[in-house]
Structures are given as C-alpha cells and as structure tokens.
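Below is the file my_file.tsv, which contains TSV, C-alpha atoms and all ligand atoms.
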chain	number	residue	atom	x	y	z
T	1	MET	CA	-85.78	63.70	108.42
T	2	SER	CA	-84.44	62.39	105.12
T	3	ASN	CA	-84.96	64.56	102.07
T	4	ASN	CA	-87.32	62.75	99.70
T	5	PHE	CA	-86.37	65.07	96.86
T	6	ASP	CA	-82.62	64.43	97.08
T	7	LEU	CA	-81.10	63.10	93.85
T	8	SER	CA	-77.53	62.66	95.13
T	9	GLY	CA	-75.95	59.55	93.60
T	10	LYS	CA	-78.49	59.46	90.75
T	11	ALA	CA	-77.66	59.95	87.08
T	12	ALA	CA	-80.03	61.71	84.68
T	13	LEU	CA	-80.20	62.13	80.90
T	14	VAL	CA	-82.28	65.04	79.58
T	15	THR	CA	-82.89	64.97	75.83
T	16	GLY	CA	-83.14	68.43	74.34
T	17	GLY	CA	-81.39	69.51	77.54
T	18	ASN	CA	-79.37	72.22	75.82
T	19	GLY	CA	-82.09	74.90	75.89
T	20	GLY	CA	-85.64	75.87	76.79
T	21	ILE	CA	-87.62	73.55	79.05
T	22	GLY	CA	-85.00	70.77	78.89
T	23	LEU	CA	-82.20	73.02	80.14
T	24	ALA	CA	-84.36	74.31	83.00
T	25	MET	CA	-85.21	70.72	83.97
T	26	ALA	CA	-81.55	69.67	83.73
T	27	ARG	CA	-80.59	72.63	85.92
T	28	ALA	CA	-83.18	71.64	88.53
T	29	LEU	CA	-82.08	67.99	88.52
T	30	ALA	CA	-78.43	69.04	88.92
T	31	GLY	CA	-79.49	71.41	91.71
T	32	ALA	CA	-81.11	68.48	93.51
T	33	GLY	CA	-77.82	66.58	93.35
T	34	ALA	CA	-78.06	64.42	90.21
T	35	ALA	CA	-75.19	63.89	87.79
T	36	VAL	CA	-76.58	65.03	84.45
T	37	ALA	CA	-76.10	64.44	80.72
T	38	VAL	CA	-77.76	66.82	78.25
T	39	SER	CA	-78.31	65.97	74.61
T	40	GLY	CA	-79.10	68.06	71.55
T	41	ARG	CA	-78.12	68.57	67.94
T	42	ASP	CA	-76.55	72.02	68.10
T	43	GLU	CA	-73.05	71.32	69.46
T	44	ALA	CA	-72.40	74.90	70.57
T	45	LYS	CA	-75.66	75.05	72.56
T	46	THR	CA	-75.10	71.61	74.06
T	47	GLY	CA	-71.52	72.47	75.00
T	48	ALA	CA	-72.59	75.71	76.69
T	49	ALA	CA	-75.34	73.97	78.68
T	50	ALA	CA	-72.97	71.19	79.74
T	51	ARG	CA	-70.34	73.69	80.88
T	52	GLU	CA	-72.90	75.60	82.94
T	53	LEU	CA	-74.15	72.46	84.68
T	54	GLY	CA	-70.91	70.47	84.84
T	55	ALA	CA	-72.83	67.95	82.73
T	56	VAL	CA	-71.92	65.44	80.03
T	57	ALA	CA	-72.66	66.82	76.52
T	58	LEU	CA	-74.13	64.46	73.91
T	59	ASN	CA	-74.94	65.38	70.32
T	60	PHE	CA	-77.38	63.13	68.49
T	61	ASP	CA	-80.17	63.69	65.98
T	62	LEU	CA	-83.06	61.79	67.56
T	63	ALA	CA	-85.07	61.71	64.34
T	64	ASP	CA	-82.58	58.93	63.49
T	65	PRO	CA	-83.82	55.77	65.27
T	66	GLU	CA	-80.28	54.41	65.65
T	67	ALA	CA	-79.23	57.54	67.53
T	68	CYS	CA	-81.58	56.86	70.46
T	69	PRO	CA	-79.96	53.73	71.92
T	70	ALA	CA	-76.50	55.10	71.10
T	71	MET	CA	-77.28	58.28	73.08
T	72	VAL	CA	-78.68	56.38	76.08
T	73	ASP	CA	-75.80	53.91	76.22
T	74	GLU	CA	-73.23	56.69	75.97
T	75	ALA	CA	-74.95	58.61	78.77
T	76	ALA	CA	-74.97	55.53	80.99
T	77	ARG	CA	-71.33	54.78	80.20
T	78	ARG	CA	-70.11	58.31	80.86
T	79	LEU	CA	-72.23	58.81	84.00
T	80	GLY	CA	-71.53	55.28	85.25
T	81	ARG	CA	-75.27	54.50	85.61
T	82	LEU	CA	-78.67	55.77	84.46
T	83	ASP	CA	-81.55	56.34	86.87
T	84	ILE	CA	-83.54	59.17	85.27
T	85	LEU	CA	-84.51	59.77	81.64
T	86	VAL	CA	-86.33	62.94	80.59
T	87	ASN	CA	-87.70	62.57	77.05
T	88	ASN	CA	-87.99	66.27	76.28
T	89	ALA	CA	-86.55	66.79	72.77
T	90	GLY	CA	-89.32	67.96	70.49
T	91	THR	CA	-90.14	69.83	67.34
T	92	ASN	CA	-93.12	71.20	65.45
T	93	ILE	CA	-94.00	72.04	61.85
T	94	ARG	CA	-97.05	74.28	61.61
T	95	LYS	CA	-99.41	74.21	58.63
T	96	ALA	CA	-102.87	73.01	57.59
T	97	PRO	CA	-103.24	69.19	57.76
T	98	GLN	CA	-103.76	68.88	54.00
T	99	ASP	CA	-100.39	70.51	53.31
T	100	TYR	CA	-97.97	68.17	55.17
T	101	SER	CA	-95.62	65.92	53.23
T	102	LEU	CA	-95.01	62.43	54.56
T	103	ALA	CA	-91.44	63.47	55.37
T	104	GLU	CA	-92.72	66.36	57.52
T	105	TRP	CA	-95.13	64.03	59.34
T	106	HIS	CA	-92.25	61.68	60.08
T	107	THR	CA	-89.94	64.45	61.26
T	108	VAL	CA	-92.42	65.41	63.97
T	109	ILE	CA	-93.61	61.92	64.94
T	110	ASP	CA	-90.12	60.42	64.93
T	111	THR	CA	-88.59	63.23	67.01
T	112	ASN	CA	-91.41	63.64	69.54
T	113	LEU	CA	-92.80	60.11	69.92
T	114	THR	CA	-90.63	57.39	68.37
T	115	ALA	CA	-87.47	58.77	69.98
T	116	ALA	CA	-89.14	58.78	73.41
T	117	PHE	CA	-90.10	55.13	72.93
T	118	LEU	CA	-86.67	54.05	71.67
T	119	ALA	CA	-84.80	55.98	74.37
T	120	SER	CA	-87.04	54.46	77.08
T	121	GLN	CA	-86.49	51.01	75.63
T	122	ALA	CA	-82.72	51.57	75.70
T	123	ALA	CA	-82.85	52.96	79.25
T	124	TYR	CA	-84.78	49.99	80.61
T	125	PRO	CA	-81.85	47.56	81.10
T	126	HIS	CA	-79.74	50.26	82.77
T	127	MET	CA	-82.57	51.16	85.17
T	128	LYS	CA	-83.37	47.53	85.92
T	129	ARG	CA	-79.72	46.88	86.70
T	130	GLY	CA	-79.75	49.90	89.06
T	131	GLY	CA	-82.81	48.64	90.95
T	132	GLY	CA	-85.32	51.09	89.45
T	133	GLY	CA	-85.69	54.32	87.58
T	134	LYS	CA	-87.72	57.32	86.54
T	135	ILE	CA	-88.88	58.28	83.07
T	136	VAL	CA	-90.42	61.71	82.50
T	137	ASN	CA	-92.03	62.25	79.09
T	138	ILE	CA	-92.88	65.75	77.91
T	139	GLY	CA	-96.34	66.06	76.41
T	140	SER	CA	-98.21	69.29	75.74
T	141	MET	CA	-101.62	70.93	75.95
T	142	MET	CA	-101.93	69.23	72.54
T	143	SER	CA	-101.89	65.90	74.40
T	144	LEU	CA	-105.38	67.03	75.49
T	145	PHE	CA	-106.63	69.42	72.79
T	146	GLY	CA	-106.39	69.51	69.02
T	147	ALA	CA	-104.77	72.33	67.05
T	148	SER	CA	-105.78	73.16	63.50
T	149	PHE	CA	-102.16	74.08	62.64
T	150	ALA	CA	-100.33	71.13	64.26
T	151	ALA	CA	-101.82	67.72	63.36
T	152	PRO	CA	-98.60	65.63	63.57
T	153	TYR	CA	-97.51	67.44	66.74
T	154	GLY	CA	-100.89	66.79	68.37
T	155	ALA	CA	-100.76	63.14	67.31
T	156	SER	CA	-97.25	62.79	68.73
T	157	LYS	CA	-98.15	64.43	72.05
T	158	GLY	CA	-101.38	62.45	72.40
T	159	GLY	CA	-99.28	59.35	71.78
T	160	ILE	CA	-96.85	60.38	74.52
T	161	VAL	CA	-99.62	60.09	77.13
T	162	GLN	CA	-100.66	56.60	76.04
T	163	LEU	CA	-97.02	55.49	75.72
T	164	THR	CA	-96.47	56.75	79.27
T	165	LYS	CA	-99.36	54.66	80.62
T	166	SER	CA	-98.21	51.52	78.81
T	167	LEU	CA	-94.58	51.78	79.93
T	168	ALA	CA	-95.74	52.57	83.47
T	169	ALA	CA	-97.88	49.45	83.60
T	170	ALA	CA	-95.19	47.24	82.08
T	171	TRP	CA	-92.31	48.38	84.27
T	172	ALA	CA	-93.99	49.15	87.62
T	173	ARG	CA	-92.73	45.92	89.18
T	174	ASP	CA	-89.20	46.82	88.12
T	175	ASN	CA	-89.59	49.93	90.31
T	176	ILE	CA	-89.53	52.16	87.25
T	177	GLN	CA	-92.06	55.00	87.39
T	178	VAL	CA	-93.07	56.58	84.10
T	179	ASN	CA	-95.00	59.86	84.03
T	180	ALA	CA	-95.76	62.63	81.57
T	181	VAL	CA	-95.64	66.38	82.10
T	182	LEU	CA	-97.98	68.52	80.00
T	183	PRO	CA	-96.60	72.05	79.83
T	184	GLY	CA	-98.95	74.90	79.04
T	185	TRP	CA	-97.68	77.73	76.89
T	186	ILE	CA	-94.05	78.33	77.87
T	187	ASP	CA	-91.85	81.09	76.47
T	188	THR	CA	-89.05	79.27	74.56
T	189	ALA	CA	-87.47	79.26	71.09
T	190	LEU	CA	-90.18	76.80	69.98
T	191	THR	CA	-93.08	79.07	70.95
T	192	ARG	CA	-91.34	82.24	69.80
T	193	ARG	CA	-91.45	80.64	66.34
T	194	ALA	CA	-95.11	79.69	66.92
T	195	ARG	CA	-95.97	83.27	67.84
T	196	ALA	CA	-94.35	84.48	64.65
T	197	GLU	CA	-96.25	81.92	62.53
T	198	VAL	CA	-99.73	81.84	64.13
T	199	ASP	CA	-101.70	85.08	64.08
T	200	GLY	CA	-103.12	86.17	67.42
T	201	LEU	CA	-101.51	83.30	69.36
T	202	HIS	CA	-99.86	85.51	71.95
T	203	GLU	CA	-103.15	87.24	72.88
T	204	ARG	CA	-105.11	83.94	72.88
T	205	VAL	CA	-102.63	82.35	75.28
T	206	LEU	CA	-102.70	85.33	77.64
T	207	GLY	CA	-106.50	85.52	77.47
T	208	ARG	CA	-107.07	81.85	78.18
T	209	THR	CA	-104.38	81.15	80.81
T	210	PRO	CA	-105.90	81.79	84.27
T	211	ALA	CA	-102.47	82.68	85.65
T	212	GLY	CA	-102.49	85.54	83.11
T	213	ARG	CA	-98.98	84.98	81.80
T	214	TRP	CA	-96.85	82.71	79.65
T	215	GLY	CA	-94.92	80.11	81.62
T	216	THR	CA	-91.15	80.23	81.92
T	217	PRO	CA	-88.88	77.19	81.52
T	218	GLU	CA	-88.11	77.51	85.24
T	219	ASP	CA	-91.79	76.78	85.98
T	220	LEU	CA	-91.00	73.17	84.94
T	221	GLY	CA	-88.06	72.64	87.32
T	222	GLY	CA	-90.09	71.55	90.33
T	223	ILE	CA	-92.10	68.86	88.55
T	224	ALA	CA	-88.90	67.43	87.03
T	225	VAL	CA	-87.31	67.01	90.46
T	226	PHE	CA	-90.52	65.65	91.97
T	227	LEU	CA	-91.06	63.03	89.25
T	228	ALA	CA	-87.35	62.06	89.30
T	229	SER	CA	-87.18	61.67	93.08
T	230	PRO	CA	-88.27	59.12	95.71
T	231	ALA	CA	-91.06	61.59	96.63
T	232	SER	CA	-93.05	60.30	93.63
T	233	GLY	CA	-92.34	56.60	94.25
T	234	PHE	CA	-96.03	55.54	94.10
T	235	ILE	CA	-96.97	57.82	91.18
T	236	THR	CA	-96.82	56.21	87.77
T	237	GLY	CA	-98.69	56.46	84.46
T	238	THR	CA	-99.95	59.99	85.09
T	239	ALA	CA	-99.94	63.08	82.88
T	240	ILE	CA	-99.56	66.22	84.97
T	241	PRO	CA	-100.38	69.64	83.47
T	242	VAL	CA	-98.03	72.50	84.41
T	243	ASP	CA	-100.01	75.18	82.68
T	244	GLY	CA	-101.10	78.06	84.93
T	245	GLY	CA	-104.62	76.58	84.81
T	246	TYR	CA	-104.95	76.51	81.00
T	247	SER	CA	-106.38	72.96	80.85
T	248	SER	CA	-108.82	73.53	83.70
T	249	LEU	CA	-111.06	75.66	81.47
T	250	GLY	CA	-113.66	74.18	79.12
K	301	LIG	P1	-86.85	74.38	72.32
K	301	LIG	O1	-86.97	74.57	70.85
K	301	LIG	O2	-86.19	75.42	73.15
K	301	LIG	O3	-86.15	72.99	72.64
K	301	LIG	C1	-86.30	71.86	71.85
K	301	LIG	C2	-85.17	70.93	72.20
K	301	LIG	O4	-85.30	69.70	71.47
K	301	LIG	C3	-83.82	71.52	71.85
K	301	LIG	O5	-82.93	71.20	72.88
K	301	LIG	C4	-83.44	70.80	70.57
K	301	LIG	O6	-82.04	70.65	70.44
K	301	LIG	C5	-84.09	69.44	70.79
K	301	LIG	N1	-84.37	68.76	69.54
K	301	LIG	C6	-85.29	69.11	68.60
K	301	LIG	N2	-85.23	68.26	67.57
K	301	LIG	C7	-84.26	67.36	67.86
K	301	LIG	C8	-83.72	66.23	67.20
K	301	LIG	N3	-84.16	65.83	65.98
K	301	LIG	N4	-82.72	65.53	67.78
K	301	LIG	C9	-82.26	65.90	68.99
K	301	LIG	N5	-82.72	66.95	69.69
K	301	LIG	C10	-83.72	67.67	69.12
K	301	LIG	O7	-88.35	74.16	72.79
K	301	LIG	P2	-89.04	73.84	74.21
K	301	LIG	O8	-88.06	73.92	75.31
K	301	LIG	O9	-90.25	74.67	74.22
K	301	LIG	O10	-89.50	72.32	73.98
K	301	LIG	C11	-89.10	71.25	74.80
K	301	LIG	C12	-90.21	70.23	74.85
K	301	LIG	O11	-91.35	70.80	75.48
K	301	LIG	C13	-90.68	69.74	73.47
K	301	LIG	O12	-90.98	68.36	73.55
K	301	LIG	C14	-91.95	70.54	73.25
K	301	LIG	O13	-92.81	69.89	72.37
K	301	LIG	C15	-92.47	70.57	74.67
K	301	LIG	N6	-93.47	71.60	74.91
K	301	LIG	C16	-93.18	72.93	74.84
K	301	LIG	C17	-94.14	73.86	75.12
K	301	LIG	C18	-93.88	75.33	75.09
K	301	LIG	O14	-94.86	76.10	75.25
K	301	LIG	N7	-92.66	75.78	74.91
K	301	LIG	C19	-95.51	73.47	75.48
K	301	LIG	C20	-95.71	72.05	75.53
K	301	LIG	C21	-94.72	71.17	75.25
K	301	LIG	P3	-81.24	71.47	69.27
K	301	LIG	O15	-81.63	72.92	69.44
K	301	LIG	O16	-79.80	71.18	69.58
K	301	LIG	O17	-81.72	70.90	67.98
Could you rewrite the structure in this file as structure tokens?
Ligand code: NDP
Amino acid sequence: MSNNFDLSGKAALVTGGNGGIGLAMARALAGAGAAVAVSGRDEAKTGAAARELGAVALNFDLADPEACPAMVDEAARRLGRLDILVNNAGTNIRKAPQDYSLAEWHTVIDTNLTAAFLASQAAYPHMKRGGGGKIVNIGSMMSLFGASFAAPYGASKGGIVQLTKSLAAAWARDNIQVNAVLPGWIDTALTRRARAEVDGLHERVLGRTPAGRWGTPEDLGGIAVFLASPASGFITGTAIPVDGGYSSLG
C-alpha cells in the first residue's frame, strides 16, 4: 500500500521555522521526507535549525512586504521547486486596545496576516508549475475568541481564517489546498513572554484546557504532515484546532 503521508520529492518552506511551533513542523515535514527551507530573522537561530534538519536557511524580516516574495523565490530556487508553504511566522504585542500606536498595529498585522498573503501569492506560480501545492496557515484560539490584551493579534488571526477560505476557493482547481491550523496554548518563547506579561494566564490555560496541560510544539507535527501530504487532498479551506479541547468548551 502506498504511504499517503509520504513527502519524498516535495519541497517545503516554513516561515518562522527556526524555533517553536515552526521548527517542530519543519522537523516533522523533514521526517516525512520533504526537502525543507526554514526562515526567520535571527540568523544564529535559523542557522542552528537548518543545520539540525539539513535544511536551507533564509533570513528575512517578513514585516517588510518586499521580503515575502524574495523569501519564497529564494526558497524555490534553492530547493529546485516549492510544493508546501507553512505561513507560521508570527508576533504579538500585548496591551489594552486604547494604548496601541499605529506602528504597533502594523507590526502585528503585517507580520501575521499580510506576510501570509504575500508569501502565498508568491508561492502560487511555483505550485501551479509543479502541478499543485499545499499552504498551511497558522491561526490561533484568537481566530475564534477575542482577547482583551491582544486586539491586533486577534484581528490578524481572525483574518488568517478568512484568507485561508478565499485562497482555498480560488486555487482549488489548481490542485492547491489551503488550510489553517489553530493551535491552543503551546509552550514556546511567544507564550513564555505572554505568561510573564498577563497575570494568571498560566492557571487559566491549565484550568480551561480539557487535556489539562499546555501543548508542546511537537503536538503540531502531525497536522503539518497531514495537511502537507496527499492524505489531505480533498480537504481545503478548513481551520483545524489543535488545542487539547480548549475550543470545544463554551
Ligand atoms: P515563537 O516566538 O517561538 O516563534 C515565532 C517565529 O516567527 C520565530 O521563528 C520568529 O523568528 C518568527 N518571526 C516573528 N516575527 C518575524 C518577522 N517579522 N519576520 C520573520 N520572522 C518572524 O512562537 P510560536 O512558535 O509560539 O509561534 C509560531 C506561530 O504560532 C505564530 O504565528 C503564533 O502566532 C502561532 N501561535 C502560537 C501559539 C502558542 O501558544 N505558542 C498559539 C496559537 C498560535 P525570529 O525569532 O528569527 O524572529
């Protein structure tokens, strides 16, 4: 029986693939046989991740709109093709809505949402040329729920779900499947900062998550492989929570 989850011969770019959830996804994709490129801003982190995975290292600041197509084209050139794009790079600035500057709003929206759009746009011709492709966008529980301390982040992650549906509808006949993953609360550098900044967050997450624990980046490996593989060939436009049950509670 052929292995529907095999990614041999496929090439994948994971943005923010130098740490946290992105690195765990890149590791899983490489483990399933894909050639991988990881991108980030911190050259030391990106270099270390690339060495571990035998991956291509790319350093771009995705808050810069011109960086997105440059990153995608360099990944495709160095990997020889591009079949899989994981739009995972993300950031957050936590404060009350009335206190954000316009520049802070743009930092979050541009990194989390605009970059995912521009990278997908740049990936499209490469995927079409290759006969199809897979785009995996990383949303959040804040794609579903609001957060008093994260208005731009929530707006960006809500936008990711609607962007996913629109790209999925537009590119389905090109055999490009576009899906979103909505992680619950996962223990990474991003949420270690959140725990330091938001009083009582750690206890609230533990109390509300039916699984009774924070997720680990490795909890996201399986969904990355599934959504990048032929096994998910008829799944497009969805937003799949990977959250230990967090979003199943009212
Ligand atoms: P990390 O802080 O560990 O990773 C964030 C990644 O994004 C890093 O690789 C970072 O690279 C990259 N990045 C951030 N800003 C930029 C930028 N301007 N240009 C290029 N790369 C950038 O956090 P996570 O692993 O937790 O986050 C990964 C994704 O998962 C994000 O989209 C986040 O919103 C999402 N998420 C996380 C959850 C969690 O509980 N941890 C829950 C729901 C969603 P570098 O360090 O080199 O700047």
Residue nearest T:Ala12 among T:Arg27, T:Lys157, T:Arg129, T:Arg192 (counting all atoms listed in the file) = T:Arg27
List the neighbours of T:Ala70 out to 9 Å using all atoms listed in the file; skip same-chain residues closer than 4 positions along the sequence, and give me the result as a list in words.
-> Phe60, Glu66, Glu74, Ala75, Ala119 and Ala122 of chain T
Counting all atoms listed in the file, which residues in chain T sit no more than 7 Å from ligand LIG 301 (chain K)? For each one, give the nearest pair of atoms and the distance in Å, sorted by chain then residue number, as a Markdown table.
| residue | atom | partner | partner_atom | distance |
| --- | --- | --- | --- | --- |
| T:Thr15 | CA | K:LIG301 | N5 | 6.5 |
| T:Gly16 | CA | K:LIG301 | O5 | 3.1 |
| T:Gly17 | CA | K:LIG301 | O5 | 5.2 |
| T:Asn18 | CA | K:LIG301 | O5 | 4.7 |
| T:Gly19 | CA | K:LIG301 | O5 | 4.8 |
| T:Gly20 | CA | K:LIG301 | O8 | 3.4 |
| T:Ile21 | CA | K:LIG301 | O8 | 3.8 |
| T:Gly22 | CA | K:LIG301 | O8 | 5.7 |
| T:Ser39 | CA | K:LIG301 | N5 | 6.7 |
| T:Gly40 | CA | K:LIG301 | O16 | 3.8 |
| T:Arg41 | CA | K:LIG301 | O16 | 3.5 |
| T:Asp42 | CA | K:LIG301 | O16 | 3.7 |
| T:Glu43 | CA | K:LIG301 | O16 | 6.8 |
| T:Lys45 | CA | K:LIG301 | O16 | 6.4 |
| T:Thr46 | CA | K:LIG301 | O16 | 6.5 |
| T:Phe60 | CA | K:LIG301 | C9 | 5.6 |
| T:Asp61 | CA | K:LIG301 | N4 | 3.6 |
| T:Leu62 | CA | K:LIG301 | N4 | 3.8 |
| T:Ala63 | CA | K:LIG301 | N3 | 4.5 |
| T:Asn88 | CA | K:LIG301 | O12 | 4.6 |
| T:Ala89 | CA | K:LIG301 | O4 | 3.4 |
| T:Gly90 | CA | K:LIG301 | O12 | 3.5 |
| T:Thr91 | CA | K:LIG301 | C6 | 5.1 |
| T:Thr111 | CA | K:LIG301 | N3 | 5.2 |
| T:Asn112 | CA | K:LIG301 | O12 | 6.2 |
| T:Ile138 | CA | K:LIG301 | O12 | 5.4 |
| T:Gly139 | CA | K:LIG301 | C21 | 5.5 |
| T:Ser140 | CA | K:LIG301 | C20 | 3.7 |
| T:Met141 | CA | K:LIG301 | C20 | 6.0 |
| T:Leu182 | CA | K:LIG301 | C20 | 6.1 |
| T:Pro183 | CA | K:LIG301 | C20 | 4.4 |
| T:Gly184 | CA | K:LIG301 | C19 | 5.2 |
| T:Trp185 | CA | K:LIG301 | O14 | 3.6 |
| T:Ile186 | CA | K:LIG301 | O14 | 3.5 |
| T:Asp187 | CA | K:LIG301 | N7 | 5.6 |
| T:Thr188 | CA | K:LIG301 | O9 | 4.8 |
| T:Ala189 | CA | K:LIG301 | O2 | 4.5 |
| T:Leu190 | CA | K:LIG301 | O1 | 4.0 |
| T:Thr191 | CA | K:LIG301 | N7 | 5.2 |
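Nearest residue to T:Leu167, choosing from T:Gly250, T:Gly237, T:Pro69, T:Gly54 and counting all atoms listed in the file: T:Gly237.
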Coordinates-based distance that separates atom CA of T:Val56 from atom CA of T:Ser156 (Å, one decimal) =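 Computing it gives 27.9 Å between the two atoms.
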Find, counting only C-alpha atoms, the residue in T:Pro230, T:His126, T:Leu23, T:Arg208 that gets nearest to T:Gly47.
-> T:Leu23
Rounded to one decimal in Å, what is the spacing between atom CA of T:Leu163 and atom CA of T:Thr238?
->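 Computed distance, atom CA of T:Leu163 to atom CA of T:Thr238, equals 10.8 Å.
Here atom CA of T:Thr216 and atom CA of T:Ala11 stand 24.9 Å from one another.
All residues of protein, DNA or RNA that reach within 9 Å of T:Ala151, judged by only C-alpha atoms and not counting those fewer than 3 positions away in the chain, are Arg94, Lys95, Ala96, Pro97, Trp105, Gly146, Ala147, Ser148, Gly154, Ala155 and Ser156 of chain T.
Checking T:Thr236, T:Arg195, T:Gly215, T:Ser8 one by one against T:Ala169, counting all atoms listed in the file, you find the shortest gap at T:Thr236.
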Best match for closeness to T:Val86 among T:Ala34, T:Ala231, T:Ala224, T:Val198, counting all atoms listed in the file =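 Result for the nearest residue to T:Val86: T:Ala224.
For the set T:Leu29, T:Val14, T:Ile160, T:Leu85, the residue with the smallest atom-to-atom gap to T:Leu58 is T:Val14, counting all atoms listed in the file.
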